[in-house]
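**Q** File model_24.txt below, compact mmCIF, C-alpha atoms:
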```txt
# COMPACT_ATOMS: atom_id res chain seq x y z
CA MET I 1 -2.50 -36.55 -14.83
CA GLU I 2 -4.09 -33.68 -12.85
CA ASP I 3 -7.83 -33.28 -13.32
CA PRO I 4 -8.40 -30.18 -15.53
CA GLY I 5 -11.49 -29.41 -13.45
CA SER I 6 -9.24 -28.70 -10.47
CA TYR I 7 -8.13 -25.48 -12.20
CA TYR I 8 -11.55 -23.85 -11.67
CA ASN I 9 -14.05 -22.87 -9.02
CA GLN I 10 -16.83 -25.14 -10.16
CA GLY I 11 -20.09 -23.25 -10.63
CA PHE I 12 -18.54 -19.75 -10.59
CA LEU I 13 -19.83 -19.24 -14.16
CA ALA I 14 -23.28 -20.83 -14.41
CA ILE I 15 -23.98 -21.09 -18.16
CA VAL I 16 -26.45 -23.67 -19.42
CA GLY I 17 -25.48 -25.81 -22.40
CA THR I 18 -22.98 -28.33 -23.67
CA ALA I 19 -19.36 -27.76 -24.60
CA SER I 20 -20.07 -28.27 -28.31
CA GLU I 21 -22.91 -25.74 -28.24
CA HIS I 22 -20.82 -23.09 -26.49
CA VAL I 23 -17.78 -23.55 -28.75
CA THR I 24 -19.95 -23.34 -31.87
CA GLU I 25 -21.83 -20.29 -30.58
CA LEU I 26 -18.59 -18.49 -29.72
CA ALA I 27 -17.08 -19.33 -33.12
CA ALA I 28 -20.16 -17.96 -34.89
CA PHE I 29 -19.98 -14.73 -32.86
CA ILE I 30 -16.29 -14.30 -33.74
CA ASP I 31 -17.11 -14.83 -37.44
CA VAL I 32 -19.70 -12.04 -37.23
CA LEU I 33 -17.22 -9.70 -35.51
CA ASN I 34 -14.77 -10.42 -38.33
CA GLY I 35 -17.37 -9.27 -40.90
CA PHE I 36 -18.92 -12.57 -42.01
CA VAL I 37 -22.46 -12.27 -43.34
CA ALA I 38 -24.30 -15.52 -44.17
CA GLU I 39 -25.87 -15.57 -47.62
CA ALA I 40 -27.91 -18.63 -46.74
CA GLU I 41 -29.46 -19.82 -43.47
CA ASP I 42 -27.23 -22.88 -43.23
CA GLN I 43 -24.04 -21.16 -44.35
CA LEU I 44 -21.24 -21.23 -41.76
CA GLY I 45 -18.50 -18.67 -41.22
CA PRO I 46 -14.80 -19.47 -41.70
CA LEU I 47 -14.09 -20.28 -38.05
CA THR I 48 -17.38 -22.10 -37.48
CA SER I 49 -16.70 -24.21 -40.58
CA LYS I 50 -13.46 -25.44 -39.01
CA ILE I 51 -14.98 -26.09 -35.60
CA ALA I 52 -18.32 -27.70 -36.52
CA PRO I 53 -16.83 -31.00 -37.77
CA LEU I 54 -14.85 -31.29 -34.54
CA VAL I 55 -17.68 -30.78 -32.05
CA VAL I 56 -20.94 -31.74 -33.78
CA VAL I 57 -21.25 -35.48 -33.16
CA ASP I 58 -24.40 -37.56 -33.21
CA GLY I 59 -25.27 -39.25 -29.94
CA THR I 60 -26.11 -42.93 -29.76
CA GLY I 61 -29.33 -43.87 -28.02
CA ASP I 62 -29.40 -46.43 -25.25
CA GLY I 63 -33.13 -46.99 -25.17
CA ASP I 64 -33.95 -44.24 -22.65
CA ASP I 65 -36.78 -41.82 -23.30
CA GLU I 66 -34.47 -38.81 -23.04
CA GLU I 67 -32.16 -38.04 -25.93
CA ASP I 68 -28.50 -38.78 -25.19
CA GLU I 69 -26.11 -35.81 -25.11
CA PRO I 70 -23.66 -35.87 -28.02
CA VAL I 71 -20.22 -37.15 -27.05
CA VAL I 72 -17.23 -35.18 -28.38
CA GLU I 73 -13.83 -36.80 -28.51
CA PRO I 74 -11.47 -35.03 -26.05
CA GLU I 75 -8.74 -34.53 -28.69
CA LYS I 76 -11.19 -32.91 -31.11
CA LEU I 77 -12.75 -30.77 -28.38
CA GLU I 78 -9.28 -29.53 -27.38
CA GLU I 79 -8.53 -28.70 -31.02
CA ALA I 80 -11.79 -26.77 -31.32
CA ILE I 81 -11.11 -24.83 -28.12
CA ALA I 82 -7.58 -24.00 -29.32
CA LEU I 83 -9.03 -22.61 -32.57
CA VAL I 84 -11.45 -20.39 -30.64
CA VAL I 85 -8.71 -19.15 -28.30
CA ASP I 86 -6.43 -18.33 -31.26
CA ALA I 87 -9.24 -16.25 -32.78
CA ALA I 88 -10.32 -14.64 -29.51
CA ASP I 89 -8.48 -11.39 -30.21
CA ALA I 90 -11.46 -10.54 -32.45
CA LEU I 91 -13.62 -10.19 -29.33
CA VAL I 92 -12.14 -6.73 -28.80
CA LYS I 93 -14.37 -5.64 -31.70
CA ALA I 94 -17.44 -6.41 -29.58
CA SER I 95 -19.44 -3.58 -28.02
CA ASP I 96 -19.03 -2.68 -24.37
CA LYS I 97 -22.18 -4.64 -23.53
CA GLU I 98 -21.16 -7.72 -25.52
CA PHE I 99 -17.47 -7.88 -24.56
CA GLU I 100 -17.75 -9.20 -21.01
CA PRO I 101 -20.52 -11.77 -21.72
CA ALA I 102 -18.54 -13.05 -24.73
CA TYR I 103 -15.40 -13.47 -22.64
CA ASN I 104 -17.37 -15.09 -19.83
CA LEU I 105 -18.55 -17.63 -22.39
CA LEU I 106 -14.96 -18.15 -23.52
CA LEU I 107 -13.83 -18.68 -19.93
CA HIS I 108 -16.66 -21.16 -19.47
CA VAL I 109 -15.57 -22.97 -22.66
CA LEU I 110 -12.06 -23.25 -21.23
CA THR I 111 -13.45 -25.19 -18.28
CA PHE I 112 -14.23 -28.02 -20.75
CA SER I 113 -10.66 -28.12 -22.06
CA PRO I 114 -9.24 -31.62 -21.57
CA ASN I 115 -5.74 -30.15 -21.16
CA GLY I 116 -6.86 -27.57 -18.60
CA LEU I 117 -6.34 -23.82 -18.37
CA PRO I 118 -2.50 -23.58 -18.27
CA ASP I 119 -2.22 -24.44 -21.97
CA HIS I 120 -4.34 -21.43 -22.90
CA LEU I 121 -3.69 -18.90 -20.10
CA ASP I 122 -0.75 -17.07 -21.68
CA LYS I 123 -2.68 -16.53 -24.90
CA ILE I 124 -5.80 -15.28 -23.09
CA LEU I 125 -3.81 -12.91 -20.87
CA GLY I 126 -1.93 -11.56 -23.88
CA ILE I 127 -5.19 -10.81 -25.70
CA LEU I 128 -6.71 -9.15 -22.62
CA SER I 129 -3.58 -7.04 -22.10
CA THR I 130 -4.05 -5.64 -25.60
CA ALA I 131 -7.80 -5.22 -25.13
CA SER I 132 -7.31 -3.19 -21.94
CA SER I 133 -6.21 -0.13 -23.90
CA ILE I 134 -9.41 -0.25 -26.00
CA LEU I 135 -12.01 -1.41 -23.47
CA PRO I 136 -10.37 -0.77 -20.07
CA LEU I 137 -13.23 -1.29 -17.64
CA PRO I 138 -14.80 -4.33 -19.40
CA THR I 139 -11.34 -5.89 -19.67
CA LEU I 140 -10.70 -5.40 -15.95
CA SER I 141 -14.06 -7.01 -15.25
CA VAL I 142 -13.13 -10.03 -17.39
CA LEU I 143 -9.74 -10.34 -15.70
CA THR I 144 -11.44 -10.16 -12.31
CA ASN I 145 -13.80 -12.95 -13.38
CA LEU I 146 -10.84 -15.04 -14.53
CA PHE I 147 -9.07 -14.43 -11.21
CA ASN I 148 -12.16 -15.50 -9.26
CA LEU I 149 -12.73 -18.48 -11.55
CA LEU I 150 -9.46 -19.95 -10.31
CA PRO I 151 -9.39 -21.72 -6.92
CA VAL I 152 -7.99 -19.59 -4.08
CA SER I 153 -4.98 -21.89 -3.81
CA SER I 154 -4.14 -21.79 -7.52
CA SER I 155 -0.68 -20.47 -8.40
CA LEU I 156 -2.18 -19.30 -11.72
CA ARG I 157 -3.84 -16.47 -9.81
CA HIS I 158 -0.38 -14.92 -9.52
CA LEU I 159 -0.10 -14.56 -13.31
CA VAL I 160 -3.63 -13.24 -13.66
CA PHE I 161 -3.03 -10.75 -10.87
CA LEU I 162 0.04 -9.33 -12.62
CA THR I 163 -2.03 -8.79 -15.78
CA VAL I 164 -4.74 -7.06 -13.73
CA LEU I 165 -2.06 -4.85 -12.20
CA ASP I 166 -0.61 -3.91 -15.61
CA ALA I 167 -4.05 -3.22 -17.07
CA ALA I 168 -5.12 -1.06 -14.12
CA ILE I 169 -1.96 1.04 -14.31
CA VAL I 170 -1.90 1.45 -18.10
CA THR I 171 -5.55 2.49 -18.18
CA GLY I 172 -5.33 4.81 -15.18
CA ASN I 173 -7.58 2.69 -12.97
CA THR I 174 -5.23 1.99 -10.06
CA SER I 175 -7.86 3.37 -7.67
CA LEU I 176 -9.95 0.29 -8.46
CA LEU I 177 -7.07 -2.04 -7.64
CA LEU I 178 -5.53 -0.50 -4.52
CA PRO I 179 -8.29 -1.66 -2.12
CA GLN I 180 -7.74 -5.25 -3.29
CA LEU I 181 -4.01 -5.11 -2.56
CA LYS I 182 -4.85 -5.23 1.13
CA GLN I 183 -5.57 -8.92 0.58
CA LEU I 184 -2.00 -9.69 -0.53
CA PRO I 185 -0.97 -11.28 2.82
CA THR I 186 -4.02 -13.55 2.62
CA TRP I 187 -3.30 -14.43 -1.01
CA PHE I 188 0.32 -15.22 -0.22
CA GLU I 189 -0.86 -17.64 2.42
CA GLU I 190 -3.47 -19.21 0.13
CA TRP I 191 -0.98 -19.55 -2.71
CA SER I 192 1.74 -20.87 -0.35
CA THR I 193 4.02 -18.23 -1.83
CA ALA I 194 7.68 -18.55 -0.88
CA PRO I 195 9.34 -15.44 0.66
CA ALA I 196 11.49 -14.92 -2.45
CA ASP I 197 8.37 -14.91 -4.66
CA GLN I 198 6.59 -12.57 -2.24
CA VAL I 199 9.49 -10.14 -2.44
CA ASP I 200 9.52 -10.39 -6.23
CA LEU I 201 5.78 -9.65 -6.50
CA LEU I 202 5.90 -6.79 -4.00
CA LEU I 203 8.82 -5.22 -5.89
CA LYS I 204 6.89 -5.55 -9.16
CA ILE I 205 3.84 -3.91 -7.60
CA GLY I 206 5.96 -1.08 -6.22
CA SER I 207 7.73 -0.53 -9.55
CA LYS I 208 4.55 -0.62 -11.60
CA LEU I 209 2.62 1.68 -9.25
CA GLU I 210 5.30 4.36 -9.16
CA PRO I 211 4.17 6.30 -12.26
CA ALA I 212 0.55 6.36 -11.09
CA ASP I 213 0.80 6.47 -7.28
CA ALA I 214 4.26 7.01 -5.81
CA HIS I 215 2.99 6.92 -2.22
CA ALA I 216 1.41 3.48 -2.72
CA ALA I 217 4.52 2.32 -4.60
CA LEU I 218 6.71 3.28 -1.65
CA LYS I 219 4.50 1.28 0.71
CA TYR I 220 4.96 -1.95 -1.26
CA LEU I 221 8.67 -1.40 -1.83
CA GLN I 222 9.07 -1.02 1.93
CA GLU I 223 7.01 -4.17 2.50
CA ALA I 224 9.22 -6.06 0.04
CA HIS I 225 12.34 -5.01 1.95
CA SER I 226 10.70 -5.98 5.24
CA VAL I 227 9.88 -9.48 3.96
CA ALA I 228 13.38 -9.77 2.46
CA ALA I 229 15.05 -8.80 5.73
CA ALA I 230 13.04 -11.40 7.68
CA ALA I 231 13.62 -14.28 5.22
CA PRO I 232 16.41 -13.26 4.37
CA VAL I 233 16.18 -12.69 0.61
CA PRO I 234 18.67 -10.57 -1.40
CA ILE I 235 17.30 -7.50 -3.19
CA ASP I 236 18.78 -5.74 -6.19
CA PRO I 237 20.47 -2.54 -4.90
CA ALA I 238 18.79 -0.66 -7.75
CA MET I 239 15.38 -1.43 -6.21
CA THR I 240 16.59 -0.22 -2.82
CA ALA I 241 17.86 2.98 -4.43
CA LYS I 242 14.48 3.41 -6.12
CA MET I 243 12.76 3.11 -2.73
CA VAL I 244 15.06 5.74 -1.20
CA VAL I 245 14.53 8.17 -4.06
CA ILE I 246 10.73 7.74 -3.97
CA ALA I 247 10.80 8.35 -0.21
CA MET I 248 12.76 11.55 -0.78
CA LYS I 249 10.32 12.76 -3.44
CA ASP I 250 7.18 11.89 -1.45
CA GLN I 251 6.28 15.09 0.41
CA SER I 252 4.10 13.23 2.92
CA PHE I 253 6.75 10.65 3.86
CA LEU I 254 8.85 11.50 6.92
CA ASP I 255 9.72 8.14 8.54
CA TYR I 256 13.24 7.83 7.12
CA ASP I 257 14.51 5.80 10.06
CA SER I 258 12.46 2.83 8.77
CA ILE I 259 14.35 2.95 5.45
CA LEU I 260 17.87 3.58 6.71
CA SER I 261 18.15 0.08 8.21
CA VAL I 262 17.69 -1.56 4.78
CA ALA I 263 19.54 0.99 2.66
CA GLY I 264 23.06 -0.30 3.22
CA THR I 265 23.36 -1.57 -0.37
CA VAL I 266 22.70 1.76 -2.09
CA SER I 267 25.26 4.41 -3.00
CA SER I 268 27.08 6.01 -0.06
CA ALA I 269 25.81 9.46 -1.06
CA LEU I 270 22.16 8.36 -0.79
CA VAL I 271 22.84 6.70 2.55
CA GLU I 272 24.47 9.88 3.81
CA LEU I 273 21.46 11.89 2.63
CA LEU I 274 19.17 9.44 4.42
CA LYS I 275 21.11 9.93 7.64
CA VAL I 276 20.62 13.68 7.35
CA PHE I 277 16.86 13.16 7.14
CA VAL I 278 16.92 10.73 10.07
CA THR I 279 18.93 12.77 12.58
CA GLY I 280 20.23 15.90 10.85
CA THR I 281 19.12 19.51 10.66
CA LEU I 282 18.90 22.17 7.99
CA ALA I 283 22.56 23.02 8.62
CA ASP I 284 23.53 19.38 8.01
CA PHE I 285 21.49 19.30 4.80
CA LYS I 286 23.19 22.41 3.47
CA ALA I 287 26.59 20.94 4.26
CA PHE I 288 25.62 17.75 2.41
CA SER I 289 24.35 19.75 -0.58
CA ASP I 290 27.63 21.60 -0.85
CA ALA I 291 29.62 18.35 -0.67
CA HIS I 292 27.41 16.30 -3.05
CA PRO I 293 25.76 18.68 -5.56
CA ASP I 294 25.38 15.94 -8.21
CA VAL I 295 23.32 13.55 -6.08
CA PHE I 296 20.16 15.60 -6.69
CA SER I 297 20.31 15.81 -10.48
CA SER I 298 21.44 12.20 -10.90
CA ASN I 299 18.43 10.95 -8.90
CA GLY I 300 15.83 13.45 -10.08
CA LEU I 301 15.55 15.09 -6.64
CA ASP I 302 14.36 18.65 -6.11
CA PRO I 303 16.69 20.45 -3.63
CA GLU I 304 14.05 23.09 -2.85
CA ALA I 305 11.42 20.48 -1.97
CA LEU I 306 13.92 18.63 0.20
CA THR I 307 14.90 21.91 1.91
CA THR I 308 11.26 22.44 2.85
CA LYS I 309 11.01 18.92 4.27
CA ILE I 310 14.25 19.17 6.28
CA ARG I 311 13.02 22.46 7.78
CA LEU I 312 9.92 20.66 9.08
CA LEU I 313 12.05 17.88 10.52
CA THR I 314 14.48 20.39 12.06
CA LEU I 315 11.61 22.19 13.77
CA SER I 316 10.21 18.93 15.17
CA THR I 317 13.64 17.98 16.51
CA LEU I 318 14.10 21.42 18.07
CA ALA I 319 10.69 21.13 19.75
CA GLY I 320 11.41 17.61 20.95
CA SER I 321 14.78 18.51 22.48
CA SER I 322 13.40 21.30 24.64
CA PRO I 323 13.45 20.16 28.32
CA ASN I 324 10.53 22.40 29.31
CA PHE I 325 8.52 21.86 26.09
CA THR I 326 8.81 25.54 25.19
CA VAL I 327 10.64 26.99 22.19
CA SER I 328 10.99 30.68 21.44
CA TYR I 329 10.22 32.06 18.01
CA SER I 330 13.73 33.46 17.79
CA SER I 331 15.23 29.97 18.31
CA ILE I 332 13.00 28.55 15.58
CA ALA I 333 13.87 31.37 13.17
CA SER I 334 17.57 30.79 13.79
CA ALA I 335 17.35 27.00 13.26
CA LEU I 336 15.25 27.29 10.09
CA VAL I 337 17.13 30.34 8.74
CA VAL I 338 13.89 32.23 8.12
CA PRO I 339 12.59 35.63 9.26
CA GLU I 340 10.84 35.49 12.62
CA GLU I 341 7.69 36.76 10.92
CA GLU I 342 7.47 33.42 9.04
CA VAL I 343 7.89 31.19 12.09
CA GLU I 344 4.17 30.73 12.70
CA PHE I 345 3.65 29.52 9.13
CA TRP I 346 6.30 26.85 9.67
CA ILE I 347 4.73 25.85 12.98
CA ILE I 348 1.38 25.43 11.25
CA ASP I 349 3.02 23.32 8.52
CA VAL I 350 4.80 21.04 10.99
CA ILE I 351 1.59 20.53 12.97
CA ARG I 352 -0.27 19.79 9.73
CA ALA I 353 2.41 17.22 8.86
CA GLY I 354 1.67 15.42 12.13
CA LEU I 355 5.15 15.94 13.55
CA LEU I 356 4.02 17.77 16.68
CA GLU I 357 1.06 19.06 18.66
CA GLY I 358 1.18 22.35 20.49
CA LYS I 359 -0.03 25.93 20.64
CA MET I 360 1.48 29.27 19.72
CA SER I 361 1.61 32.31 21.95
CA GLN I 362 1.86 35.47 19.88
CA LEU I 363 2.10 37.51 23.07
CA GLU I 364 5.08 35.59 24.47
CA ARG I 365 6.45 34.71 21.01
CA LYS I 366 6.78 31.08 22.03
CA LEU I 367 5.68 27.60 20.92
CA PHE I 368 4.33 25.44 23.75
CA VAL I 369 4.81 21.79 22.77
CA HIS I 370 2.25 19.21 23.86
CA GLN I 371 3.55 16.23 21.93
CA VAL I 372 6.24 15.66 19.30
CA ALA I 373 7.03 12.76 16.96
CA THR I 374 10.46 11.17 17.30
CA ARG I 375 12.44 10.86 14.06
CA THR I 376 14.65 8.14 15.51
CA PHE I 377 15.42 6.74 18.94
CA GLY I 378 19.01 6.43 20.10
CA GLU I 379 21.45 7.77 22.65
CA THR I 380 20.49 11.39 22.00
CA GLU I 381 16.82 10.66 22.62
CA TRP I 382 17.63 8.77 25.82
CA ASN I 383 19.65 11.77 27.02
CA ILE I 384 16.69 14.06 26.29
CA ILE I 385 14.41 11.80 28.32
CA ALA I 386 16.98 11.74 31.13
CA ARG I 387 17.13 15.55 31.19
CA ARG I 388 13.33 15.77 31.27
CA LEU I 389 13.16 13.25 34.09
CA ASP I 390 15.67 15.36 36.02
CA VAL I 391 13.48 18.43 35.46
CA TRP I 392 10.40 16.53 36.61
CA LYS I 393 12.23 15.18 39.65
CA THR I 394 13.35 18.70 40.58
CA SER I 395 9.82 19.99 40.10
CA LEU I 396 8.39 17.19 42.23
CA ARG I 397 10.95 17.89 44.95
CA ASP I 398 9.91 21.55 44.91
CA VAL I 399 6.25 20.59 45.12
CA LEU I 400 6.97 18.15 47.94
CA THR I 401 8.89 20.84 49.82
CA VAL I 402 5.98 23.28 49.43
CA VAL I 403 3.51 20.64 50.64
CA ARG I 404 5.67 19.75 53.64
CA ASN I 405 6.14 23.42 54.58
CA ALA I 406 2.42 24.04 54.26
CA ARG I 407 1.66 21.00 56.40
CA MET I 408 4.15 22.08 59.06
CA THR I 409 2.64 25.58 59.06
CA VAL I 410 -0.85 24.17 59.59
CA GLU I 411 0.31 21.78 62.30
CA ASN I 412 2.18 24.55 64.11
CA LYS I 413 -0.85 26.82 63.87
CA VAL I 414 -3.15 24.13 65.27
CA ALA I 415 -0.73 23.41 68.10
CA ALA I 416 -0.41 27.12 68.92
CA ASN I 417 -4.20 27.52 69.00
CA ALA I 418 -4.52 24.54 71.32
CA ASP I 419 -1.94 25.92 73.70
CA HIS I 420 -3.64 29.30 73.66
CA GLU I 421 -7.01 27.83 74.50
CA LYS I 422 -5.56 25.84 77.41
CA VAL I 423 -3.98 28.96 78.83
CA ASN I 424 -7.34 30.77 78.63
CA GLY I 425 -9.16 27.85 80.29
CA VAL I 426 -11.18 26.84 77.27
CA ASP I 427 -12.01 23.14 77.17
CA ASN I 428 -12.77 21.91 73.70
CA THR I 429 -13.26 18.35 74.79
CA VAL I 430 -16.42 16.90 73.32
CA GLU I 431 -18.30 14.16 75.18
CA VAL I 432 -19.92 11.52 73.09
CA ALA I 433 -23.03 10.00 74.66
```
Take the structure from the file and write it as C-alpha cells.

**A**
Amino acid sequence: MEDPGSYYNQGFLAIVGTASEHVTELAAFIDVLNGFVAEAEDQLGPLTSKIAPLVVVDGTGDGDDEEDEPVVEPEKLEEAIALVVDAADALVKASDKEFEPAYNLLLHVLTFSPNGLPDHLDKILGILSTASSILPLPTLSVLTNLFNLLPVSSSLRHLVFLTVLDAAIVTGNTSLLLPQLKQLPTWFEEWSTAPADQVDLLLKIGSKLEPADAHAALKYLQEAHSVAAAAPVPIDPAMTAKMVVIAMKDQSFLDYDSILSVAGTVSSALVELLKVFVTGTLADFKAFSDAHPDVFSSNGLDPEALTTKIRLLTLSTLAGSSPNFTVSYSSIASALVVPEEEVEFWIIDVIRAGLLEGKMSQLERKLFVHQVATRTFGETEWNIIARRLDVWKTSLRDVLTVVRNARMTVENKVAANADHEKVNGVDNTVEVA
C-alpha cells in the first residue's frame, strides 16, 4: 500500500501537536460554529462527543522520564477524521480571520489520515467550492495552500487546480489566477500529463475563462489546438467553433492565419469567413455577408464590429502590396469605402492596432509605409517581394549608372587637365627625398 505521507509536502504546514489534539480541537471549533454552548466546563459538543472516544487514548509508560505520547488506533483515527471532514462545511460560518487558520488545521489533520488524502479530497473540494461564493479570497487562499501542500508531481494537483480555476472565475478573481497559468507547461511536465489530458485541461481553462476574459480564453484554446495538432489528439468541433467565434469577437485579435490551419472541422461558413479575414478585403467581406447573412446571428457575431476589423486588415494589405511603400489617400478611401476626409483616422487606427508603421503627408495626401505586418504568407506575398526586389534592382542599376558616369566624368576631367598641363610645359612631378 502507498504511504499516505507521500501525498503531502512534509513540513509545508508546521503546526505543533498530536493528531488526537488537532482533531479534538477542530471538532470543538465546529461545535461552537454550529451554536453549541457548554453549560459545564467538561461538557462536550455533539461532534466532539463522537470524536473524543475515538482519539483520546491513555499512553502506556515504558519507564522513561518523559510521558509517552498517546497511541491512537489507525482505524479509529480515520473514523474521527472522516467525521470532522463530513462536518467541515460548518467552517464557512467562521469569520474571515478564522476561516483560513481553521482550514489549515483541517488540512494538517488530513496529513495524519491512515488512508491518505484521496479518500477525502472530493468532499473537501466540494465544500470549498460552495464556500468560495461566501468567502472568496479566504477560500482561494485555502485552495492555494492545499495545492502547495501536495507534492509537485502529484496528479491530485490537477483536481485542486480545476477547483481553484472555478472559484476564481465565479468570484471574479481571475486576475489573481492568470499569472499562475504561465506555469502550466512546467506543471504538465511535473505531473507527467499525457497530451490528451493537456488538451482537455487547456480546453477547460479556455471555456471557463471565456465569460470573464475572452482574450485569455482564446489564448488557451489556441494552445489546446496546438498541442492537439502535434500529438495528434482529436478535438470536439464545437470547441474549435468556439475558438473561431471568440477570435472573431476579440477586437484585438488579428492573427487569423494561425487559426485557419486548425479550423477544418468547423462549419464551412465559419471557415469561409476565416479565409476572408486571412486574405480577403472589405469587398470580400461584403460579398460573404450577402451570401451568408445567418452566420452572424447564429454565432452571436456583430457585423458592424467585424466590418471595422476587416477595414483595418484591408488597409494593412493595401499598404503591404504597394511596391514603392506609398499609398495615396484616394486609394485608401476607395478600398475602405469611406470619405477621403476619414482616411487619416483609419490610418491612425491601423497603426494603433500594430498592423503597420508609417507617416502621413497631408500635403501630398499620401501614406508612406515604413513597415507592415503580413496577414499570411503565400504565393501572393512572394510575388509582392519579387516585385519589390525588381524595383530595388532597377534602382540599384540606376544608382550604379550614375556612379559610373560620375567616375568617368572625373577621370576624363583629370586626364584632360594632365594633357593641358603637359602642353603648357608644367611639370607636376614631385620628388620624394

**Q** When you count all atoms listed in the file, which of these residues is closest to I:Ile127: I:Asp89, I:Glu190, I:Asp257, I:Asp96?

**A**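 Of all the options, I:Asp89 lies closest to I:Ile127.
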
**Q** Please indicate the distance in Å from atom CA of I:Glu79 to atom CA of I:Pro46, rounded to one decimal place.

**A**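 Atom CA of I:Pro46 lies at a distance of 15.4 Å from atom CA of I:Glu79.
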
**Q** Using all atoms listed in the file, can you list as a PyMOL selection string the residues within 10 Å of (7.3, -4.4, -9.7)?

**A** chain I and resi 162+165-166+199-210+217+220-221+239

**Q** Using all atoms listed in the file for the distances, tell me which of I:Leu355, I:Val245, I:Leu313, I:Ala416 is nearest to I:Gly300.

**A** I:Val245

**Q** Quote the spacing between atom CA of I:Leu156 and atom CA of I:Ala168 in Å to one decimal place.

**A**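 Taking atom CA of I:Leu156 and atom CA of I:Ala168, their separation equals 18.6 Å.
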
**Q** Go through I:Ala231, I:Val372, I:Ala38, I:Leu315 and flag the residue nearest I:Phe345, using only C-alpha atoms for the distances.

**A**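 Nearest candidate to I:Phe345 out of I:Ala231, I:Val372, I:Ala38, I:Leu315: I:Leu315.
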
**Q** Would you list the contacts of I:Pro339 as number ranges by chain, taking every protein, DNA or RNA residue within 10 Å and counting only C-alpha atoms, but skipping same-chain residues closer than 6 positions in sequence?

**A** I: 329-330, 332-333

**Q** Mind writing the picked residues with C-alpha atoms as a PDB file, in the coordinates of the input?

**A**
```pdb
ATOM      1  CA  TYR I 329      10.220  32.060  18.010  1.00  0.00           C
ATOM      2  CA  SER I 330      13.730  33.460  17.790  1.00  0.00           C
ATOM      3  CA  ILE I 332      13.000  28.550  15.580  1.00  0.00           C
ATOM      4  CA  ALA I 333      13.870  31.370  13.170  1.00  0.00           C
TER       5      ALA I 333
END
```

**Q** Any idea what the distance is between atom CA of I:Leu91 and atom CA of I:Thr174?

**A**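 According to the coordinates, atom CA of I:Leu91 and atom CA of I:Thr174 are separated by 24.3 Å.
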
**Q** Identify which of the residues I:Ala241, I:Ala335, I:Val276, I:Ile246 lies closest to I:Val262, counting all atoms listed in the file when measuring atom-to-atom distances.

**A**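 So, comparing all the options, the nearest one is I:Ala241.
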
**Q** Identify which of the residues I:Glu342, I:Pro118, I:Glu304, I:Ala283 lies closest to I:Ser154, counting only C-alpha atoms when measuring atom-to-atom distances.

**A**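 Nearest to I:Ser154: I:Pro118.
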
**Q** From the list I:Leu149, I:Ala102, I:Leu336, I:Val92, which residue is nearest I:Leu117 when using all atoms listed in the file?

**A**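 Closest to I:Leu117, using all atoms listed in the file: I:Leu149.
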